[in-house]
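Enquirer: Pasting a structure here, questions to come.
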Amino acid sequence: MPDTVIETHNLSKEYRDFWGNRKVLALDSLNLEVKKGEVFGFLGPNGSGKTTTVKLLLGLLFPTSGTARVLGLPPGSVEANRRIGFLPEETYLYRFLDAEETLDFFGRLFQIPRPERRVRVDRLIKAVGIDHARKRQLKEYSKGMARRIGLAQALINDPDVIFLDEPTSGLDPIGTREIKDLIIDLKSQGKTVFMCSHLLADVEDVCDRIAILFQGKLEVVGKVSELLTEEGVVNFRAQNVSPSARDKVRQALEADGSYIGVEKASRSLEDLFLKVVREKTADAAAANRPEENES
Amino acid sequence: MHSVLAIARVTLKDALRKKVFFTILFFAVLLTVVSGLLPSVTADEQIRQVTKICLMGIGFFGMVVAIFLSAPSLPDDISKKTIFSVLTKPTRRWELLAGKILGLAYVLAIMLVVMGTLSFIYIHFWAWKLGPDPSGLPRLDGRKPIYASTVEYNGLKLDVTGPMVDSKRAIVSGFDSVTYHFQGLRGERFRGDTAFVQVTVFCHGWTYDPNTREGTAAVQVGNPTTGELRTVVFGADNLRPQAHGFPRSLIDKSGALDVTLLKHLPAGSYSAMAGSVAVLAQPEGGYATNFIKALVLMFMQYMVLVFVAIAASTFLTSTVSIITALFIYFTGSLADILRAQALKLGSEANIFTMARHSHQAEAIGLPAFQWAVNVFLRYFYLGISVVFPNLSYYDPSAGVSANEYISYGTVFDGLWYGAVYSAAAFLIAWLVFRRKEVD
């Protein structure tokens, strides 16, 4: 199995109107690599092209230019789909089916033999915590329950790669925690997870690497631990420090001329995200007013 | 293939859990019951009416189900985004289309079996209630009229098997007696000891002797080899086909039979008589087989509509697809008429506007504009009759209610045509949907 699970090369998507005129460039030359076993967070404000990217990677949309590969296979191909799971932004399932029928249906699409299918359906229903509602039609489900069955259908084939679009939207804090635990669990099984999210805390907690997308362009990509480290800043961690000891350390550092403060040194993902988005918004605004810039 | 079957199952469940399906089924059953309660003059008319309304009901409601369930199926999946979950599974796009079509085929098959069985029982109930036909012919039957090979009258012997004879029914007029020579009846199937001739006559003058109430026409059935003869005198009910039984043993071993139609009243009672005669073959299981053949034809028609509606819905919204499919249904039902009209248009005898009225043959010059309109309409109609499905293949209700035998050839033609048309529609659907972006 190749080490790179998801790979895009200059992937671009343009939406055109009926007459073929360009409406919007949703994705601009995206180059991305996701390695096997990674939990990859894909961030960006609304309309930045996250969902477009996922749809391109799933073969629901076709790129205007550039290429994408999932597990070394063309997106949307039967071979690729056999090994992926997808949880859409909202749970779009057949509302007239109950939970068991839903999972059984998707199991059939994977040609899972009946006895095996029964075992998996039962296990997944219990795993996502909708055992009490397994015989109820999905139209009676609350948003949180729909989210859970959505997750169960994404896992029915024991996929190698899982695409999660806003996995925690609509879930309460307990549900959110459960999903995060599940993602960590999937990672420990060696699965690759590609998740889009606005909820930065979620991403920060579970992702190995992140990318930030703004107006269709990739702005930042890297390891969470590296991106959130401030250059030249060191954190000292100590327990049961007396005020006098603290003052001594402070004085020593001050003498060295490098003292900043004693608060936490690592910035949060939220700071990073807002910084990137604000900078780019300012750049875009400046680019739109060239005359003023010149004068 | 697994995916096709799985999607078909879900499509079936969807339909069976929709209220609209049962509403339609309810009204269809209601119509069936009502068909027997409408007033009618004769028993014959009554049974025809029940059969016709039942079959038309099946046809109409089946069409409604076929169009109204299939046209929104794909657009709904796209707009509700349920298609995301299916297409990101190892499902090819054509499998999704094929699965939906197969699922709708299940739905329509269930509908046909339910309504067909109900109608069949109901029609038999009425046939039982009305009792046997006085002529001895079964009330419910699938009869096949066989026409004569030669007709002999006033010393003339005419071959009426050729394609140039206008209808093999060989209507002969202005005679005192006319003999129809039948051949090859041995190969045809008859039931029981009694066989039947169907006679249609038209008399100028009066049809009954007012004094004796005696019949005005007679039919003589005879074996040409042995000379054995049987005569039936009957009151000629103008232009209504009447059946008369005769011993089947009169048909010669060679398959030959002579049937003579003659005037029966004293000379001068009426001036002229015209008529036609057919021998009725009655293949085994006539009515039930006919009924099943009719259902098979109707099923094929539904499937053509399903394919058309699904194909339309790959690039149109669900409402527009429904309207398109309905339009195609109505135009397709008229395809034969359009085609016949088209072939007449532009010929010298059939111009767009009647220039003048003439009693003798005369060449009529056609102005260029009218000629152009005619040619345009000709190809327009021809185009429509080719592009739209010719649904006149699939209207068996008239035949079944008239107890007319539906030949296997008719069924085969309908199936073959439907299969080719559906395949073409599926190809279009696949070509459009293959690269369709679902967003």
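Letters A, B, ... mark the chains of the structure tokens in the order given; residue numbers begin at 1 per chain; ligand numbers begin at 1, in order shown.
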Contacts between chain A and chain B, please, where a residue of chain B counts if it comes within 7 Å (with only C-alpha atoms); show its shortest atom pair and distance in Å to one decimal, rows by chain and ascending number, as CSV.
Expert:
```
residue,atom,partner,partner_atom,distance
B:His2,CA,A:Leu109,CA,6.4
B:Ser3,CA,A:Leu109,CA,4.9
B:Ala6,CA,A:Arg108,CA,6.1
B:Asp14,CA,A:Phe96,CA,6.5
B:Lys80,CA,A:Tyr92,CA,6.7
B:Lys81,CA,A:Tyr92,CA,5.6
B:Thr82,CA,A:Tyr92,CA,4.6
B:Ser85,CA,A:Leu93,CA,7.0
B:Thr88,CA,A:Asn81,CA,5.8
B:Lys89,CA,A:Asn81,CA,5.2
B:Pro90,CA,A:Val78,CA,4.3
B:Thr91,CA,A:Val78,CA,6.3
B:Arg92,CA,A:Val78,CA,6.7
B:Glu437,CA,A:Leu61,CA,4.9
B:Val438,CA,A:Leu60,CA,5.6
```
Enquirer: Excluding same-chain residues fewer than 5 positions from A:Lys217, what lies within 9 Å of it counting only C-alpha atoms, as a list of chain:residue names?
Expert: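 Near A:Lys217, the qualifying residues are A:Ala26, A:Leu27, A:Asp28, A:Ser29, A:Leu30, A:Ser48, A:Gly49, A:Ile212.
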Enquirer: With C-alpha atoms kept, could you save the residues just selected as a PDB file, in the first residue's frame?
Expert:
```pdb
ATOM      1  CA  ALA A  26     -14.037  27.454  -5.939  1.00  0.00           C
ATOM      2  CA  LEU A  27     -10.682  25.748  -5.779  1.00  0.00           C
ATOM      3  CA  ASP A  28      -7.405  27.093  -7.110  1.00  0.00           C
ATOM      4  CA  SER A  29      -4.513  24.713  -7.832  1.00  0.00           C
ATOM      5  CA  LEU A  30      -4.650  22.679  -4.681  1.00  0.00           C
ATOM      6  CA  SER A  48     -13.543  28.506   1.113  1.00  0.00           C
ATOM      7  CA  GLY A  49     -13.780  25.306  -0.952  1.00  0.00           C
ATOM      8  CA  ILE A 212      -6.177  26.092   6.052  1.00  0.00           C
TER       9      ILE A 212
END
```
Enquirer: Skip A:Ser142 itself and residues of its chain fewer than 2 positions away, then list as a list in words all residues within 12 Å of it, counting only C-alpha atoms.
Expert: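 The contact residues come out as Thr91, Arg95, Ile130, Ala133, Arg136, Gln137, Leu138, Lys139, Glu140, Gly144, Met145, Ala146, Arg147, Arg148, Ile149, Gly170, Leu171 and Asp172 of chain A.
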Enquirer: Let's have the selection written as a PDB file, in the first residue's frame, with N, CA and C atoms.
Expert:
```pdb
ATOM      1  N   THR A  91     -26.671  14.668   7.470  1.00  0.00           N
ATOM      2  CA  THR A  91     -26.920  13.266   7.169  1.00  0.00           C
ATOM      3  C   THR A  91     -28.011  13.151   6.118  1.00  0.00           C
ATOM      4  N   ARG A  95     -35.046   8.563   4.338  1.00  0.00           N
ATOM      5  CA  ARG A  95     -35.784   8.815   5.569  1.00  0.00           C
ATOM      6  C   ARG A  95     -36.863   7.784   5.851  1.00  0.00           C
ATOM      7  N   ILE A 130     -27.288   4.021  19.027  1.00  0.00           N
ATOM      8  CA  ILE A 130     -28.692   4.216  18.644  1.00  0.00           C
ATOM      9  C   ILE A 130     -29.444   2.894  18.735  1.00  0.00           C
ATOM     10  N   ALA A 133     -33.177   2.880  19.047  1.00  0.00           N
ATOM     11  CA  ALA A 133     -34.009   3.408  17.952  1.00  0.00           C
ATOM     12  C   ALA A 133     -33.774   2.646  16.655  1.00  0.00           C
ATOM     13  N   ARG A 136     -36.719   2.394  14.241  1.00  0.00           N
ATOM     14  CA  ARG A 136     -37.492   3.602  13.911  1.00  0.00           C
ATOM     15  C   ARG A 136     -37.029   4.188  12.592  1.00  0.00           C
ATOM     16  N   GLN A 137     -37.990   4.680  11.808  1.00  0.00           N
ATOM     17  CA  GLN A 137     -37.621   5.295  10.536  1.00  0.00           C
ATOM     18  C   GLN A 137     -36.801   6.553  10.795  1.00  0.00           C
ATOM     19  N   LEU A 138     -35.866   6.815   9.888  1.00  0.00           N
ATOM     20  CA  LEU A 138     -34.931   7.909  10.123  1.00  0.00           C
ATOM     21  C   LEU A 138     -35.616   9.268  10.157  1.00  0.00           C
ATOM     22  N   LYS A 139     -36.815   9.353   9.577  1.00  0.00           N
ATOM     23  CA  LYS A 139     -37.483  10.655   9.593  1.00  0.00           C
ATOM     24  C   LYS A 139     -37.875  11.058  11.008  1.00  0.00           C
ATOM     25  N   GLU A 140     -37.898  10.080  11.921  1.00  0.00           N
ATOM     26  CA  GLU A 140     -38.221  10.408  13.317  1.00  0.00           C
ATOM     27  C   GLU A 140     -36.978  10.723  14.128  1.00  0.00           C
ATOM     28  N   GLY A 144     -28.933  14.765  16.206  1.00  0.00           N
ATOM     29  CA  GLY A 144     -27.805  14.041  16.778  1.00  0.00           C
ATOM     30  C   GLY A 144     -27.840  12.562  16.426  1.00  0.00           C
ATOM     31  N   MET A 145     -29.039  11.982  16.482  1.00  0.00           N
ATOM     32  CA  MET A 145     -29.164  10.566  16.144  1.00  0.00           C
ATOM     33  C   MET A 145     -28.875  10.330  14.667  1.00  0.00           C
ATOM     34  N   ALA A 146     -29.343  11.275  13.822  1.00  0.00           N
ATOM     35  CA  ALA A 146     -29.092  11.156  12.383  1.00  0.00           C
ATOM     36  C   ALA A 146     -27.594  11.189  12.116  1.00  0.00           C
ATOM     37  N   ARG A 147     -26.904  12.037  12.894  1.00  0.00           N
ATOM     38  CA  ARG A 147     -25.456  12.145  12.765  1.00  0.00           C
ATOM     39  C   ARG A 147     -24.797  10.801  13.084  1.00  0.00           C
ATOM     40  N   ARG A 148     -25.319  10.150  14.104  1.00  0.00           N
ATOM     41  CA  ARG A 148     -24.741   8.885  14.534  1.00  0.00           C
ATOM     42  C   ARG A 148     -24.972   7.790  13.491  1.00  0.00           C
ATOM     43  N   ILE A 149     -26.166   7.729  12.953  1.00  0.00           N
ATOM     44  CA  ILE A 149     -26.403   6.696  11.933  1.00  0.00           C
ATOM     45  C   ILE A 149     -25.576   7.005  10.686  1.00  0.00           C
ATOM     46  N   GLY A 170     -24.043  19.614  15.155  1.00  0.00           N
ATOM     47  CA  GLY A 170     -25.325  19.132  15.633  1.00  0.00           C
ATOM     48  C   GLY A 170     -25.230  18.188  16.816  1.00  0.00           C
ATOM     49  N   LEU A 171     -24.033  17.956  17.313  1.00  0.00           N
ATOM     50  CA  LEU A 171     -23.912  17.051  18.453  1.00  0.00           C
ATOM     51  C   LEU A 171     -23.705  17.841  19.740  1.00  0.00           C
ATOM     52  N   ASP A 172     -24.187  17.276  20.822  1.00  0.00           N
ATOM     53  CA  ASP A 172     -23.965  17.904  22.124  1.00  0.00           C
ATOM     54  C   ASP A 172     -22.539  17.596  22.587  1.00  0.00           C
TER      55      ASP A 172
END
```
Enquirer: Could you give me, as a count of residues only, each residue of stretch 220-321 of chain B that DSSP assigns to alpha helix (DSSP H) when run on this structure's backbone?
Expert: 32
Enquirer: Between atom CA of B:Gly62 and atom CA of B:Val308, what is the spacing in Å?
Expert: 14.8 Å
Enquirer: Name the closest residue to A:Ala68 among the candidates A:Met195, A:Leu103, A:Val121, A:Ile6; distances are taken between atoms, counting only C-alpha atoms.
Expert: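 Of A:Met195, A:Leu103, A:Val121, A:Ile6, the one nearest A:Ala68 is A:Ile6, counting only C-alpha atoms.
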Enquirer: Please provide the set of residues having any atom within 8 Å of B:Ile53, restricted to only C-alpha atoms, with same-chain residues fewer than 2 positions apart removed, written as a list of chain:residue names.
Expert: B:Leu31, B:Thr32, B:Ser35, B:Gln49, B:Val50, B:Thr51, B:Leu55, B:Met56, B:Gly57
Enquirer: Could you work out how far atom CA of B:Leu108 lies from atom CA of B:Leu12, giving the answer in Å with one decimal?
Expert: 9.6 Å
Enquirer: Quote the spacing between atom CA of B:Ala311 and atom CA of B:Gly103 in Å to one decimal place.
Expert: 15.4 Å
Enquirer: Quick one: residues within 8 Å of B:Pro224, only C-alpha atoms counted, chain neighbours fewer than 5 positions away excluded, as a count of residues only?
Expert: 4
Enquirer: Which residues are close to B:Thr319, i.e. within 8 Å by only C-alpha atoms, leaving aside same-chain residues fewer than 2 positions away? Reply as a PyMOL selection string.
Expert: chain B and resi 71-72+317+321-323
Enquirer: Keeping only C-alpha atoms, write those residues as a PDB file, in the first residue's frame.
Expert:
```
ATOM      1  CA  ALA B  71     -39.778  11.111 -12.725  1.00  0.00           C
ATOM      2  CA  PRO B  72     -39.077  12.568  -9.236  1.00  0.00           C
ATOM      3  CA  THR B 317     -36.219  18.820 -12.682  1.00  0.00           C
ATOM      4  CA  SER B 321     -39.815  15.496 -16.126  1.00  0.00           C
ATOM      5  CA  ILE B 322     -43.377  14.628 -15.121  1.00  0.00           C
ATOM      6  CA  ILE B 323     -44.792  17.069 -17.653  1.00  0.00           C
TER       7      ILE B 323
END
```
Enquirer: When DSSP works through the backbone of this structure, what residues of stretch 64-263 of chain A end up as strand (DSSP E or B), shown as an NGL selection string?
Expert: :A and (65-70 or 73 or 84-87 or 98 or 137 or 161-165 or 192-197 or 209-214 or 217-223)
Enquirer: Take the residues from that selection and write them out as a CSV table (one decimal), in the first residue's frame, keeping N, CA and C atoms.
Expert:
```
chain,number,residue,atom,x,y,z
A,65,SER,N,-9.4,21.4,-13.8
A,65,SER,CA,-8.1,21.0,-14.2
A,65,SER,C,-7.4,20.4,-13.0
A,66,GLY,N,-6.3,19.7,-13.3
A,66,GLY,CA,-5.5,19.1,-12.2
A,66,GLY,C,-6.0,17.7,-11.9
A,67,THR,N,-5.4,17.0,-11.1
A,67,THR,CA,-5.8,15.6,-10.8
A,67,THR,C,-5.8,15.3,-9.3
A,68,ALA,N,-6.6,14.3,-9.0
A,68,ALA,CA,-6.7,13.9,-7.6
A,68,ALA,C,-6.6,12.3,-7.6
A,69,ARG,N,-6.0,11.8,-6.5
A,69,ARG,CA,-5.9,10.3,-6.4
A,69,ARG,C,-6.3,10.0,-4.9
A,70,VAL,N,-7.1,9.0,-4.8
A,70,VAL,CA,-7.4,8.5,-3.4
A,70,VAL,C,-6.9,7.1,-3.4
A,73,LEU,N,-6.0,5.7,-6.6
A,73,LEU,CA,-7.0,5.4,-7.6
A,73,LEU,C,-7.8,6.6,-7.9
A,84,ILE,N,-13.3,3.5,1.1
A,84,ILE,CA,-13.5,4.7,1.8
A,84,ILE,C,-14.8,4.8,2.5
A,85,GLY,N,-14.9,5.7,3.5
A,85,GLY,CA,-16.2,6.0,4.1
A,85,GLY,C,-16.4,7.5,4.1
A,86,PHE,N,-17.6,7.9,4.0
A,86,PHE,CA,-17.9,9.3,3.9
A,86,PHE,C,-19.1,9.7,4.8
A,87,LEU,N,-18.8,10.7,5.6
A,87,LEU,CA,-19.9,11.3,6.4
A,87,LEU,C,-20.2,12.7,5.9
A,98,ASP,N,-35.5,2.4,8.4
A,98,ASP,CA,-35.0,2.4,9.8
A,98,ASP,C,-33.5,2.2,9.8
A,137,GLN,N,-38.0,4.7,11.8
A,137,GLN,CA,-37.6,5.3,10.5
A,137,GLN,C,-36.8,6.6,10.8
A,161,VAL,N,-9.8,4.8,4.5
A,161,VAL,CA,-9.8,6.3,4.6
A,161,VAL,C,-11.3,6.7,4.9
A,162,ILE,N,-11.4,7.7,5.8
A,162,ILE,CA,-12.7,8.2,6.2
A,162,ILE,C,-12.7,9.7,6.0
A,163,PHE,N,-13.7,10.1,5.2
A,163,PHE,CA,-13.9,11.5,5.0
A,163,PHE,C,-15.0,12.0,5.9
A,164,LEU,N,-14.7,13.0,6.8
A,164,LEU,CA,-15.7,13.5,7.7
A,164,LEU,C,-15.9,15.0,7.4
A,165,ASP,N,-17.1,15.3,7.0
A,165,ASP,CA,-17.4,16.7,6.8
A,165,ASP,C,-18.2,17.3,8.0
A,192,THR,N,-6.8,6.3,8.0
A,192,THR,CA,-6.5,7.7,7.6
A,192,THR,C,-7.9,8.5,7.7
A,193,VAL,N,-7.8,9.6,8.4
A,193,VAL,CA,-9.0,10.4,8.5
A,193,VAL,C,-8.8,11.8,7.9
A,194,PHE,N,-9.7,12.2,7.1
A,194,PHE,CA,-9.7,13.5,6.4
A,194,PHE,C,-10.9,14.2,6.9
A,195,MET,N,-10.7,15.2,7.8
A,195,MET,CA,-11.9,15.9,8.3
A,195,MET,C,-11.9,17.4,8.0
A,196,CYS,N,-13.1,17.9,7.6
A,196,CYS,CA,-13.3,19.3,7.5
A,196,CYS,C,-14.0,19.8,8.7
A,197,SER,N,-13.7,20.9,9.1
A,197,SER,CA,-14.4,21.5,10.3
A,197,SER,C,-14.2,22.9,10.5
A,209,ARG,N,-2.1,16.7,11.3
A,209,ARG,CA,-1.7,17.8,10.5
A,209,ARG,C,-3.0,18.6,10.1
A,210,ILE,N,-2.8,19.9,9.7
A,210,ILE,CA,-4.0,20.6,9.3
A,210,ILE,C,-3.6,21.4,8.0
A,211,ALA,N,-4.6,21.8,7.3
A,211,ALA,CA,-4.4,22.7,6.2
A,211,ALA,C,-5.5,23.8,6.3
A,212,ILE,N,-5.2,25.0,6.0
A,212,ILE,CA,-6.2,26.1,6.1
A,212,ILE,C,-6.4,26.6,4.6
A,213,LEU,N,-7.6,26.6,4.2
A,213,LEU,CA,-8.0,27.0,2.9
A,213,LEU,C,-8.7,28.3,3.0
A,214,PHE,N,-8.4,29.2,2.1
A,214,PHE,CA,-9.1,30.5,2.1
A,214,PHE,C,-9.4,30.9,0.6
A,217,LYS,N,-7.8,28.8,-2.0
A,217,LYS,CA,-6.3,28.6,-2.0
A,217,LYS,C,-5.8,28.1,-0.7
A,218,LEU,N,-4.9,27.2,-0.9
A,218,LEU,CA,-4.3,26.6,0.3
A,218,LEU,C,-3.3,27.6,0.9
A,219,GLU,N,-3.5,28.0,2.2
A,219,GLU,CA,-2.7,29.0,2.8
A,219,GLU,C,-1.6,28.4,3.7
A,220,VAL,N,-2.1,27.5,4.5
A,220,VAL,CA,-1.2,26.9,5.5
A,220,VAL,C,-1.3,25.4,5.5
A,221,VAL,N,-0.2,24.7,5.6
A,221,VAL,CA,-0.3,23.3,5.8
A,221,VAL,C,0.8,22.8,6.6
A,222,GLY,N,0.6,22.0,7.6
A,222,GLY,CA,1.7,21.5,8.4
A,222,GLY,C,1.2,20.8,9.7
A,223,LYS,N,2.2,20.3,10.5
A,223,LYS,CA,1.8,19.6,11.7
A,223,LYS,C,1.2,20.6,12.7
```
